[in-house]
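Peer 1: Structure file structure.txt (compact mmCIF, C-alpha atoms and all ligand atoms) is given on the next line.
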```
# COMPACT_ATOMS: atom_id res chain seq x y z
CA MET A 116 -5.18 -32.09 0.22
CA ALA A 117 -1.82 -33.09 -1.34
CA THR A 118 1.00 -30.75 -0.45
CA HIS A 119 3.16 -29.12 -3.08
CA PRO A 120 6.75 -28.97 -1.84
CA ALA A 121 7.42 -25.63 -3.48
CA THR A 122 4.58 -23.93 -1.63
CA ASN A 123 4.68 -25.80 1.65
CA SER A 124 6.86 -23.44 3.65
CA THR A 125 7.61 -24.33 7.21
CA PRO A 126 9.90 -22.44 9.55
CA ALA A 127 13.50 -23.64 9.15
CA GLY A 128 14.91 -22.54 12.47
CA PRO A 129 16.29 -19.21 13.64
CA LEU A 130 17.57 -16.74 11.08
CA ARG A 131 21.21 -15.79 11.61
CA SER A 132 23.22 -12.70 10.91
CA GLY A 133 24.57 -13.11 7.37
CA ASN A 134 21.31 -14.73 6.22
CA ARG A 135 18.95 -12.45 4.35
CA ILE A 136 15.21 -11.86 4.56
CA LEU A 137 13.81 -11.03 1.12
CA THR A 138 10.70 -8.85 1.20
CA ILE A 139 8.40 -8.59 -1.81
CA ASN A 140 5.69 -5.95 -2.15
CA GLY A 141 3.89 -6.57 -5.42
CA GLY A 142 1.61 -4.03 -7.04
CA SER A 143 -0.17 -3.88 -10.35
CA SER A 144 2.62 -2.00 -12.11
CA SER A 145 5.60 -2.39 -9.80
CA ILE A 146 7.27 -4.85 -7.45
CA LYS A 147 9.21 -3.37 -4.55
CA PHE A 148 11.74 -5.58 -2.79
CA ALA A 149 14.41 -5.41 -0.11
CA LEU A 150 16.97 -7.62 1.59
CA TYR A 151 17.50 -7.44 5.35
CA ASP A 152 20.20 -8.88 7.56
CA PRO A 153 18.30 -10.39 10.50
CA GLY A 154 21.05 -9.45 12.98
CA GLU A 155 20.44 -7.19 16.01
CA SER A 156 19.12 -4.14 14.15
CA LEU A 157 17.43 -5.80 11.15
CA GLN A 158 19.53 -3.85 8.68
CA LYS A 159 18.45 -3.23 5.09
CA THR A 160 21.34 -4.30 2.84
CA LEU A 161 19.73 -3.71 -0.53
CA ALA A 162 16.42 -2.39 -1.84
CA GLY A 163 14.82 -1.76 -5.17
CA ALA A 164 11.86 -2.00 -7.46
CA ILE A 165 10.88 -3.36 -10.82
CA GLU A 166 8.87 -0.63 -12.46
CA ARG A 167 6.60 -0.33 -15.47
CA ILE A 168 5.76 -4.05 -15.51
CA GLY A 169 3.85 -4.88 -18.69
CA LEU A 170 5.41 -1.99 -20.62
CA ALA A 171 8.28 -2.12 -23.12
CA ASP A 172 10.66 -0.09 -20.94
CA SER A 173 10.36 -2.08 -17.66
CA SER A 174 13.48 -1.82 -15.51
CA LEU A 175 15.08 -2.88 -12.26
CA HIS A 176 16.14 -0.11 -9.87
CA VAL A 177 18.57 -1.07 -7.13
CA ASN A 178 19.74 0.90 -4.15
CA LYS A 179 22.52 -0.26 -1.82
CA PRO A 180 23.06 1.94 1.23
CA GLY A 181 25.92 4.38 0.59
CA GLN A 182 26.20 3.58 -3.13
CA PRO A 183 24.79 5.30 -6.24
CA ASN A 184 21.44 3.99 -7.47
CA GLU A 185 21.59 1.42 -10.28
CA LYS A 186 19.10 0.98 -13.10
CA HIS A 187 19.10 -2.15 -15.28
CA PRO A 188 16.74 -2.92 -18.16
CA LEU A 189 14.67 -5.96 -17.15
CA PRO A 190 12.13 -7.39 -19.58
CA ALA A 191 8.96 -7.81 -17.50
CA GLY A 192 5.92 -8.45 -19.65
CA ASP A 193 4.05 -9.76 -16.60
CA PRO A 194 4.70 -10.09 -12.84
CA ALA A 195 5.91 -13.73 -13.07
CA THR A 196 8.55 -12.74 -15.64
CA ALA A 197 9.45 -9.78 -13.45
CA ILE A 198 9.99 -11.88 -10.33
CA THR A 199 12.00 -14.46 -12.33
CA GLY A 200 14.17 -11.61 -13.63
CA LEU A 201 14.62 -10.30 -10.10
CA ILE A 202 15.61 -13.73 -8.76
CA ASP A 203 18.09 -14.19 -11.65
CA TRP A 204 19.56 -10.79 -10.90
CA LEU A 205 19.87 -11.61 -7.17
CA ASP A 206 21.63 -14.84 -8.20
CA ARG A 207 24.13 -13.01 -10.44
CA ALA A 208 24.70 -10.44 -7.70
CA GLY A 209 25.62 -13.24 -5.27
CA GLU A 210 22.64 -12.49 -3.02
CA LEU A 211 20.28 -15.37 -3.73
CA GLY A 212 22.19 -18.03 -1.78
CA LYS A 213 21.89 -15.90 1.38
CA VAL A 214 18.08 -15.71 1.25
CA ALA A 215 16.83 -17.68 4.26
CA ALA A 216 13.23 -16.45 4.38
CA ILE A 217 10.83 -14.51 2.17
CA GLY A 218 8.07 -12.16 3.29
CA TYR A 219 5.28 -10.88 1.08
CA ARG A 220 2.79 -8.10 1.36
CA VAL A 221 -0.61 -9.57 0.46
CA VAL A 222 -3.41 -7.06 0.17
CA HIS A 223 -6.39 -9.25 1.05
CA GLY A 224 -6.68 -12.63 2.78
CA GLY A 225 -10.48 -12.65 2.68
CA PRO A 226 -12.47 -13.26 5.87
CA ALA A 227 -10.41 -16.34 6.80
CA HIS A 228 -6.92 -14.83 6.83
CA THR A 229 -6.30 -11.56 8.60
CA GLU A 230 -3.11 -12.31 10.57
CA PRO A 231 0.39 -12.92 9.15
CA GLN A 232 1.26 -16.57 8.63
CA THR A 233 3.55 -18.97 6.78
CA VAL A 234 2.58 -20.03 3.28
CA THR A 235 0.89 -23.41 2.89
CA PRO A 236 -0.97 -24.96 -0.04
CA GLU A 237 -4.19 -24.44 1.94
CA LEU A 238 -3.46 -20.74 2.31
CA LEU A 239 -2.78 -20.41 -1.42
CA ALA A 240 -6.06 -22.19 -2.17
CA ASP A 241 -7.89 -19.74 0.11
CA LEU A 242 -6.15 -16.78 -1.51
CA ARG A 243 -7.29 -18.01 -4.92
CA GLN A 244 -10.85 -18.11 -3.54
CA ALA A 245 -10.41 -14.52 -2.33
CA ILE A 246 -9.37 -13.16 -5.78
CA PRO A 247 -12.77 -11.49 -6.40
CA LEU A 248 -12.15 -9.39 -3.28
CA ALA A 249 -8.95 -7.86 -4.70
CA PRO A 250 -8.79 -8.74 -8.40
CA ASN A 251 -6.11 -6.17 -9.19
CA HIS A 252 -3.73 -7.36 -6.49
CA LEU A 253 -4.25 -11.01 -5.51
CA PRO A 254 -3.57 -12.79 -8.85
CA ILE A 255 -0.22 -11.02 -9.06
CA GLU A 256 0.61 -11.65 -5.41
CA ILE A 257 -0.20 -15.37 -5.73
CA ARG A 258 1.99 -15.63 -8.85
CA LEU A 259 4.85 -13.97 -7.01
CA ILE A 260 4.61 -16.47 -4.14
CA GLU A 261 4.41 -19.47 -6.48
CA THR A 262 7.25 -18.31 -8.70
CA ALA A 263 9.61 -17.45 -5.83
CA ALA A 264 8.75 -20.70 -4.00
CA ALA A 265 9.59 -22.74 -7.09
CA ARG A 266 12.98 -21.00 -7.38
CA LEU A 267 13.78 -21.17 -3.66
CA PRO A 268 12.26 -24.46 -2.50
CA GLY A 269 12.37 -25.07 1.23
CA VAL A 270 12.88 -21.38 2.07
CA PRO A 271 10.21 -20.34 4.59
CA GLN A 272 7.67 -17.89 3.22
CA VAL A 273 5.49 -15.57 5.25
CA VAL A 274 2.55 -13.44 4.12
CA CYS A 275 1.59 -10.17 5.80
CA PHE A 276 -1.89 -8.84 5.14
CA ASP A 277 -2.82 -5.21 4.54
CA THR A 278 -6.04 -5.86 6.43
CA THR A 279 -4.50 -6.82 9.80
CA PHE A 280 -4.21 -3.22 11.05
CA HIS A 281 -7.98 -2.82 10.65
CA ASN A 282 -9.02 -6.10 12.29
CA HIS A 283 -10.77 -4.37 15.17
CA LEU A 284 -12.72 -1.65 13.40
CA PRO A 285 -15.76 -0.63 15.43
CA THR A 286 -18.96 -2.24 14.16
CA VAL A 287 -20.30 1.11 12.98
CA ALA A 288 -17.26 1.59 10.70
CA ARG A 289 -17.12 -2.04 9.61
CA THR A 290 -20.76 -2.41 8.60
CA LEU A 291 -21.81 -1.93 5.00
CA PRO A 292 -25.50 -1.05 4.60
CA ILE A 293 -26.63 -4.17 2.77
CA PRO A 294 -28.69 -7.12 4.09
CA ARG A 295 -27.14 -8.63 7.18
CA ARG A 296 -26.66 -12.06 5.62
CA TYR A 297 -23.88 -10.63 3.40
CA ALA A 298 -21.94 -9.40 6.41
CA ALA A 299 -22.10 -12.92 7.82
CA ALA A 300 -20.53 -14.09 4.54
CA GLY A 301 -17.62 -11.65 4.96
CA VAL A 302 -18.92 -8.63 3.05
CA HIS A 303 -17.83 -5.77 5.29
CA ARG A 304 -15.21 -3.03 5.42
CA TYR A 305 -11.73 -4.54 5.71
CA GLY A 306 -9.41 -1.59 5.09
CA PHE A 307 -5.96 -1.76 3.44
CA HIS A 308 -2.47 -0.21 3.50
CA GLY A 309 -2.24 -1.67 7.01
CA LEU A 310 1.50 -2.38 6.89
CA SER A 311 2.08 1.25 6.05
CA TYR A 312 -0.20 2.47 8.84
CA ALA A 313 1.40 0.16 11.40
CA TYR A 314 4.84 1.46 10.44
CA LEU A 315 3.71 5.11 10.51
CA LEU A 316 2.19 4.67 13.97
CA GLU A 317 5.46 3.25 15.29
CA GLU A 318 7.43 6.05 13.66
CA LEU A 319 5.06 8.65 15.10
CA GLU A 320 5.72 7.24 18.56
CA LYS A 321 9.49 7.43 17.96
CA LEU A 322 9.30 10.99 16.61
CA ALA A 323 6.70 12.53 18.90
CA GLY A 324 6.34 10.20 21.88
CA PRO A 325 3.68 7.78 23.12
CA GLU A 326 1.18 10.52 23.96
CA ALA A 327 1.08 11.71 20.33
CA ALA A 328 0.85 8.13 19.03
CA ARG A 329 -2.07 7.44 21.35
CA GLY A 330 -3.81 10.70 20.42
CA ARG A 331 -6.25 11.43 17.61
CA VAL A 332 -4.32 10.77 14.41
CA ILE A 333 -5.30 10.85 10.75
CA PHE A 334 -2.92 9.04 8.40
CA ALA A 335 -3.08 9.70 4.65
CA HIS A 336 -1.27 7.04 2.60
CA LEU A 337 -1.27 8.59 -0.86
CA GLY A 338 0.28 6.44 -3.61
CA ASN A 339 -1.14 4.84 -6.74
CA GLY A 340 -3.59 3.26 -4.36
CA ALA A 341 -4.56 5.82 -1.72
CA SER A 342 -6.42 5.72 1.56
CA LEU A 343 -6.80 7.47 4.91
CA ALA A 344 -7.11 5.95 8.37
CA ALA A 345 -8.46 7.49 11.58
CA VAL A 346 -6.60 6.19 14.64
CA ARG A 347 -7.26 6.89 18.31
CA ASP A 348 -5.49 5.31 21.24
CA ALA A 349 -3.39 3.38 18.68
CA GLN A 350 -6.52 1.62 17.32
CA CYS A 351 -7.95 2.16 13.86
CA VAL A 352 -11.48 3.53 14.20
CA ASP A 353 -12.21 4.05 10.51
CA THR A 354 -10.59 3.94 7.10
CA THR A 355 -11.61 5.02 3.62
CA MET A 356 -11.08 1.74 1.72
CA GLY A 357 -13.79 -0.84 2.21
CA PHE A 358 -14.53 -4.39 1.12
CA THR A 359 -11.94 -4.03 -1.66
CA PRO A 360 -9.03 -1.65 -2.27
CA ASP A 361 -11.19 0.08 -4.89
CA GLY A 362 -13.26 2.07 -2.39
CA GLY A 363 -12.79 5.38 -0.57
CA LEU A 364 -10.64 8.13 -2.03
CA VAL A 365 -10.26 8.63 -5.81
CA MET A 366 -6.98 6.97 -6.93
CA GLY A 367 -4.64 6.72 -9.91
CA THR A 368 -6.95 4.47 -11.94
CA ARG A 369 -9.64 3.49 -9.40
CA THR A 370 -12.84 5.41 -8.79
CA GLY A 371 -12.90 5.15 -5.01
CA ASP A 372 -16.43 5.45 -3.60
CA LEU A 373 -19.01 5.78 -6.33
CA ASP A 374 -22.78 6.15 -6.25
CA PRO A 375 -23.94 2.54 -6.83
CA GLY A 376 -26.56 3.95 -9.18
CA VAL A 377 -23.75 4.79 -11.62
CA LEU A 378 -22.79 1.12 -11.80
CA ILE A 379 -26.40 0.03 -12.36
CA TYR A 380 -26.78 2.73 -15.03
CA LEU A 381 -23.63 1.58 -16.86
CA VAL A 382 -24.59 -2.07 -16.75
CA ARG A 383 -28.06 -1.24 -18.08
CA THR A 384 -27.16 1.33 -20.74
CA GLU A 385 -23.82 -0.02 -21.97
CA LYS A 386 -24.56 -3.68 -21.22
CA LEU A 387 -21.17 -4.02 -19.50
CA SER A 388 -20.11 -7.49 -18.36
CA PRO A 389 -18.66 -7.88 -14.82
CA ASP A 390 -15.13 -7.92 -16.31
CA GLN A 391 -15.76 -4.80 -18.37
CA LEU A 392 -17.25 -3.02 -15.37
CA GLU A 393 -14.27 -4.01 -13.24
CA ASP A 394 -11.85 -2.78 -15.87
CA LEU A 395 -13.74 0.52 -16.10
CA VAL A 396 -13.85 1.25 -12.36
CA THR A 397 -10.39 -0.09 -11.46
CA LYS A 398 -8.17 0.58 -14.47
CA GLN A 399 -9.70 3.37 -16.57
CA SER A 400 -11.09 5.68 -13.91
CA GLY A 401 -9.70 7.84 -11.11
CA LEU A 402 -7.05 10.42 -12.02
CA LEU A 403 -6.52 8.72 -15.39
CA GLY A 404 -10.21 8.82 -16.25
CA VAL A 405 -10.68 12.45 -15.26
CA SER A 406 -7.42 13.72 -16.83
CA GLU A 407 -7.65 11.50 -19.91
CA THR A 408 -3.86 11.43 -19.91
CA SER A 409 -2.18 9.85 -16.87
CA PRO A 410 -2.78 8.20 -13.49
CA ASP A 411 0.58 9.51 -12.28
CA MET A 412 0.58 12.55 -10.00
CA ARG A 413 3.97 13.77 -11.28
CA ASP A 414 2.60 13.88 -14.84
CA LEU A 415 -0.57 15.65 -13.74
CA LEU A 416 1.25 18.30 -11.71
CA ALA A 417 3.56 18.95 -14.68
CA ARG A 418 0.61 19.34 -17.06
CA ARG A 419 -1.93 21.14 -14.96
CA ASP A 420 -1.02 24.71 -16.02
CA ASN A 421 -1.65 23.84 -19.66
CA ASP A 422 -4.34 21.19 -19.43
CA PRO A 423 -7.55 21.92 -17.48
CA ARG A 424 -8.32 18.18 -17.31
CA ALA A 425 -5.07 17.56 -15.40
CA ALA A 426 -5.85 20.52 -13.13
CA GLU A 427 -9.35 19.13 -12.45
CA ALA A 428 -7.95 15.68 -11.61
CA VAL A 429 -5.48 17.17 -9.10
CA ALA A 430 -8.21 19.40 -7.62
CA LEU A 431 -10.57 16.43 -7.24
CA PHE A 432 -7.91 14.38 -5.45
CA CYS A 433 -7.13 17.24 -3.03
CA TYR A 434 -10.82 18.00 -2.44
CA GLN A 435 -11.64 14.40 -1.60
CA ILE A 436 -8.70 14.14 0.83
CA ARG A 437 -9.93 17.33 2.53
CA LYS A 438 -13.45 15.91 2.84
CA TRP A 439 -12.13 12.69 4.38
CA ILE A 440 -9.97 14.64 6.82
CA GLY A 441 -13.12 16.50 7.88
CA ALA A 442 -15.09 13.26 8.19
CA PHE A 443 -12.38 11.56 10.23
CA ALA A 444 -11.99 14.60 12.45
CA ALA A 445 -15.67 14.12 13.27
CA ALA A 446 -15.17 10.37 13.84
CA LEU A 447 -12.26 11.06 16.20
CA GLY A 448 -13.81 14.06 17.99
CA GLY A 449 -10.93 16.30 16.81
CA VAL A 450 -7.43 15.84 15.43
CA ASP A 451 -4.04 16.10 17.12
CA THR A 452 -1.80 14.86 14.29
CA LEU A 453 -2.18 14.53 10.54
CA VAL A 454 0.45 12.41 8.73
CA PHE A 455 1.11 12.32 4.98
CA ALA A 456 2.91 9.30 3.46
CA GLY A 457 3.19 7.31 0.21
CA GLY A 458 4.73 8.49 -3.08
CA ILE A 459 2.34 11.47 -3.36
CA GLY A 460 2.04 12.20 0.37
CA GLU A 461 5.81 12.27 0.83
CA HIS A 462 6.74 14.27 -2.28
CA ALA A 463 3.86 16.39 -3.60
CA ALA A 464 3.77 19.63 -1.59
CA GLU A 465 1.05 20.97 -3.92
CA VAL A 466 -1.24 18.06 -3.03
CA ARG A 467 -0.65 18.43 0.72
CA ALA A 468 -1.36 22.17 0.43
CA GLY A 469 -4.50 21.52 -1.62
CA ALA A 470 -5.73 18.87 0.82
CA CYS A 471 -5.24 21.15 3.85
CA ASP A 472 -6.55 24.30 2.16
CA GLY A 473 -9.49 25.77 4.11
CA LEU A 474 -9.02 23.52 7.16
CA GLY A 475 -7.79 26.43 9.31
CA PHE A 476 -11.19 26.44 11.06
CA PHE A 477 -10.17 23.34 12.95
CA GLY A 478 -6.53 24.15 13.43
CA VAL A 479 -4.82 22.79 10.31
CA ALA A 480 -2.34 25.35 8.96
CA LEU A 481 0.76 24.62 6.87
CA ASP A 482 4.12 26.38 6.92
CA PRO A 483 4.65 26.91 3.15
CA THR A 484 8.46 26.73 3.37
CA ALA A 485 8.46 23.53 5.43
CA ASN A 486 5.82 22.04 3.15
CA ALA A 487 7.78 22.88 -0.01
CA ALA A 488 10.84 21.18 1.55
CA ASN A 489 8.89 17.96 2.45
CA ALA A 490 10.06 18.67 6.02
CA PRO A 491 9.20 16.20 8.83
CA VAL A 492 6.83 18.77 10.39
CA ILE A 493 5.03 21.03 7.92
CA SER A 494 2.42 22.70 10.16
CA ALA A 495 2.48 26.29 11.40
CA GLY A 496 1.20 27.48 14.77
CA ASP A 497 0.06 25.35 17.68
CA GLY A 498 -2.96 23.62 16.15
CA VAL A 499 -2.86 20.20 14.49
CA THR A 500 0.69 18.89 13.99
CA VAL A 501 1.04 17.97 10.33
CA ARG A 502 3.88 15.59 9.50
CA VAL A 503 5.47 13.95 6.48
CA ILE A 504 6.73 10.46 7.36
CA PRO A 505 8.30 8.26 4.66
CA THR A 506 6.59 4.93 4.98
CA ASP A 507 8.35 1.54 4.96
CA GLU A 508 6.08 -1.44 4.29
CA GLU A 509 9.18 -3.59 3.60
CA LEU A 510 10.53 -3.13 7.12
CA MET A 511 7.18 -4.19 8.60
CA ILE A 512 7.28 -7.34 6.45
CA ALA A 513 10.87 -8.14 7.52
CA ARG A 514 10.00 -7.67 11.21
CA THR A 515 7.03 -10.00 10.83
CA VAL A 516 9.15 -12.64 9.09
CA LEU A 517 11.68 -12.47 11.90
CA ARG A 518 8.91 -12.87 14.48
CA ILE A 519 7.28 -15.83 12.72
CA VAL A 520 10.28 -17.68 11.31
CA GLY A 521 12.68 -17.29 14.15
CA GLY A 522 14.69 -14.87 16.25
CA ASN A 523 18.19 -13.48 15.87
CA SER A 524 21.25 -15.51 16.53
N1 LIG B 601 8.13 13.95 -6.56
C1 LIG B 601 6.88 13.60 -6.72
N2 LIG B 601 5.93 14.54 -6.88
C2 LIG B 601 4.63 14.19 -7.05
N3 LIG B 601 4.18 12.93 -7.08
C3 LIG B 601 5.09 11.96 -6.91
C4 LIG B 601 6.47 12.23 -6.71
N4 LIG B 601 7.11 11.06 -6.58
C5 LIG B 601 6.18 10.09 -6.69
N5 LIG B 601 4.97 10.63 -6.90
C6 LIG B 601 3.70 9.95 -7.13
O1 LIG B 601 3.51 8.88 -6.22
C7 LIG B 601 2.64 7.91 -6.83
C8 LIG B 601 3.22 6.52 -6.61
O2 LIG B 601 3.30 6.32 -5.22
P1 LIG B 601 3.78 4.95 -4.58
O3 LIG B 601 3.55 5.06 -3.12
O4 LIG B 601 5.16 4.65 -5.05
O5 LIG B 601 2.73 3.99 -5.26
P2 LIG B 601 2.36 2.48 -5.11
O6 LIG B 601 3.19 1.89 -3.97
O7 LIG B 601 0.91 2.51 -4.76
O8 LIG B 601 2.66 1.89 -6.44
C9 LIG B 601 2.55 8.29 -8.32
O9 LIG B 601 1.32 8.96 -8.57
C10 LIG B 601 3.70 9.27 -8.49
O10 LIG B 601 3.48 10.21 -9.49
C1 LIG B 602 -4.23 -1.57 -1.15
C2 LIG B 602 -3.65 -0.87 -2.31
O1 LIG B 602 -4.32 -0.16 -3.01
O2 LIG B 602 -2.32 -1.05 -2.50
P1 LIG B 602 -1.41 -0.25 -3.53
O3 LIG B 602 -1.48 1.19 -3.11
O4 LIG B 602 -0.04 -0.82 -3.33
O5 LIG B 602 -1.97 -0.47 -4.91
MG MG B 603 2.01 0.97 -2.40
```
For the structure just supplied, provide its representation as structure tokens.
Ligand SMILES: Nc1ncnc2c1ncn2[C@@H]1O[C@H](COP(=O)(O)OP(=O)(O)O)[C@@H](O)[C@H]1O
Ligand SMILES: CC(=O)OP(=O)(O)O
Ligand SMILES: [Mg+2]

Peer 2:
Amino acid sequence: MATHPATNSTPAGPLRSGNRILTINGGSSSIKFALYDPGESLQKTLAGAIERIGLADSSLHVNKPGQPNEKHPLPAGDPATAITGLIDWLDRAGELGKVAAIGYRVVHGGPAHTEPQTVTPELLADLRQAIPLAPNHLPIEIRLIETAAARLPGVPQVVCFDTTFHNHLPTVARTLPIPRRYAAAGVHRYGFHGLSYAYLLEELEKLAGPEAARGRVIFAHLGNGASLAAVRDAQCVDTTMGFTPDGGLVMGTRTGDLDPGVLIYLVRTEKLSPDQLEDLVTKQSGLLGVSETSPDMRDLLARRDNDPRAAEAVALFCYQIRKWIGAFAAALGGVDTLVFAGGIGEHAAEVRAGACDGLGFFGVALDPTANAANAPVISAGDGVTVRVIPTDEELMIARTVLRIVGGNS
């Protein structure tokens, strides 16, 4: 196959202090980014996000360590416009010329790509083939890679997959109960949010020691997309998301697990096309569908005293997390540590309290004051240690880039 220079990224030698690694974490409504100096301690020099992509009031938020946060209007009708705007802004800010490598979070690499690697035309072709496995994420992620590569030709690019953390799921957790021939074609549980889980596991070891990190741990990554992972002896033994990031726990706009009979019913009675069905279960459902107002937990918590639909959406989210904690406690044979992370997990005390409510029978009890303060440890008593750990997918991407593209000078 002919190579396209803009997307044929090969390592360009060791990264040096003063160079920058640009990390890009693209989602359906936001793009998070960061710049790292690849010197000794891999220091973050700048971070930010483009939010509300596709809406009239999209904006660029920038945070430089030790300086007040900046917010700039940035027209971003679609992700390609957003990334172009970001690159233009980095150029004006004098940062673009320092970018010596780019790392991307890519949600799904399909069956063929589960380990981080440099970007090649062949990889991009395979990612295009894998779009039906993550239709809400992959088209955007591919556009981001292509657009950035065209603006920064010759700069090495590395992709890091969300699925890598779950590569060794036990067969019993990996298997979906459909005819075996589909499993052979790659239809099985993959699991996602793996960069976040890998970071949280490392942080847990730093905070609580190797024994805790090798114990029975349940991680709850609760953001717009949300999942839980059960980890024992530092290996993932099960996770809520499945073949696509649409499964498992109810999410902002995604159903999570749903009786397949509902899908058959909708196709039969409403004559929905595959695209319409996808839009229904991935964009109109979840917290948005139940509340009829918003997919955003902040909005729902603010409304729930006056709007029973918002209250029901919050209650459903908490109830499902509690059920998954119970299920994963069974899978692990008990729980030593429970970790909350992600925008909701890190900031919404009410959700953590709701999720843990009634779990005292197996040793989960929260300290209400610590929980309200989003403290690092929010449990009471000597049962399960419940922690809040801010996640950092960007740092995991930067570390991977450094490993693949070249060491420190
Ligand atoms: N202070 C807060 N209280 C409650 N929810 C919050 C708070 N801050 C952020 N969130 C929620 O976190 C979610 C976004 O999480 P995030 O991890 O940033 O999402 P993603 O990376 O999946 O786009 C939204 O539902 C938002 O309302
Ligand atoms: C996998 C997934 O759902 O990612 P996000 O939470 O970023 O949408
Ligand atoms: Mg996220």

Peer 1: Please report, as JSON lines, each residue of region 395-501 of chain A lying at most 10 Å from region 364-371 of chain A, together with the nearest pair of atoms and the separation in Å rounded to one decimal; use only C-alpha atoms, and order rows by chain and ascending residue number.

Peer 2:
```
{"residue": "A:Leu395", "atom": "CA", "partner": "A:Arg369", "partner_atom": "CA", "distance": 8.4}
{"residue": "A:Val396", "atom": "CA", "partner": "A:Thr370", "partner_atom": "CA", "distance": 5.6}
{"residue": "A:Thr397", "atom": "CA", "partner": "A:Arg369", "partner_atom": "CA", "distance": 4.2}
{"residue": "A:Lys398", "atom": "CA", "partner": "A:Thr368", "partner_atom": "CA", "distance": 4.8}
{"residue": "A:Gln399", "atom": "CA", "partner": "A:Thr368", "partner_atom": "CA", "distance": 5.5}
{"residue": "A:Ser400", "atom": "CA", "partner": "A:Thr368", "partner_atom": "CA", "distance": 4.7}
{"residue": "A:Gly401", "atom": "CA", "partner": "A:Thr368", "partner_atom": "CA", "distance": 4.4}
{"residue": "A:Leu402", "atom": "CA", "partner": "A:Gly367", "partner_atom": "CA", "distance": 4.9}
{"residue": "A:Leu403", "atom": "CA", "partner": "A:Thr368", "partner_atom": "CA", "distance": 5.5}
{"residue": "A:Gly404", "atom": "CA", "partner": "A:Thr368", "partner_atom": "CA", "distance": 6.9}
{"residue": "A:Val405", "atom": "CA", "partner": "A:Thr368", "partner_atom": "CA", "distance": 9.4}
{"residue": "A:Ser409", "atom": "CA", "partner": "A:Gly367", "partner_atom": "CA", "distance": 8.0}
{"residue": "A:Pro410", "atom": "CA", "partner": "A:Gly367", "partner_atom": "CA", "distance": 4.3}
{"residue": "A:Asp411", "atom": "CA", "partner": "A:Gly367", "partner_atom": "CA", "distance": 6.4}
{"residue": "A:Met412", "atom": "CA", "partner": "A:Gly367", "partner_atom": "CA", "distance": 7.8}
{"residue": "A:Ala428", "atom": "CA", "partner": "A:Val365", "partner_atom": "CA", "distance": 9.4}
{"residue": "A:Leu431", "atom": "CA", "partner": "A:Val365", "partner_atom": "CA", "distance": 7.9}
{"residue": "A:Phe432", "atom": "CA", "partner": "A:Val365", "partner_atom": "CA", "distance": 6.2}
{"residue": "A:Cys433", "atom": "CA", "partner": "A:Val365", "partner_atom": "CA", "distance": 9.6}
{"residue": "A:Tyr434", "atom": "CA", "partner": "A:Leu364", "partner_atom": "CA", "distance": 9.9}
{"residue": "A:Gln435", "atom": "CA", "partner": "A:Leu364", "partner_atom": "CA", "distance": 6.4}
{"residue": "A:Ile436", "atom": "CA", "partner": "A:Leu364", "partner_atom": "CA", "distance": 6.9}
{"residue": "A:Lys438", "atom": "CA", "partner": "A:Leu364", "partner_atom": "CA", "distance": 9.6}
{"residue": "A:Trp439", "atom": "CA", "partner": "A:Leu364", "partner_atom": "CA", "distance": 8.0}
```

Peer 1: Counting only C-alpha atoms and all ligand atoms, which protein, DNA or RNA residues come within 6 Å of ligand LIG 601 (chain B), given as a list in words?

Peer 2: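 Residues lying within 6 Å of ligand LIG 601 (chain B): Gly338, Asn339, Gly340, Asp411, Met412, Arg413, Gly457, Gly458, Ile459, His462 and Ala463 of chain A.
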
Peer 1: Could you state the separation of CA of Gly449 (chain A) and CA of Glu326 (chain A) in Å, given to one decimal place?

Peer 2: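 About the pair CA of Gly449 (chain A) and CA of Glu326 (chain A): they are 15.2 Å apart.
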
Peer 1: Residues up to 10 Å from ligand LIG 602 (chain B), counting only C-alpha atoms and all ligand atoms: could you list those as a ChimeraX atom specification?

Peer 2: /A:140-147,220-223,249,251-252,276-278,306-311,336-342,356,359-362,366-369,457-458,508

Peer 1: Calculated over all atoms listed in the file, which of the candidates A:Gly169, A:Gly448, A:Pro231, A:Pro183 has the smallest distance to Ala513 (chain A)?

Peer 2: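 For Ala513 (chain A), the nearest of the given residues is A:Pro231.
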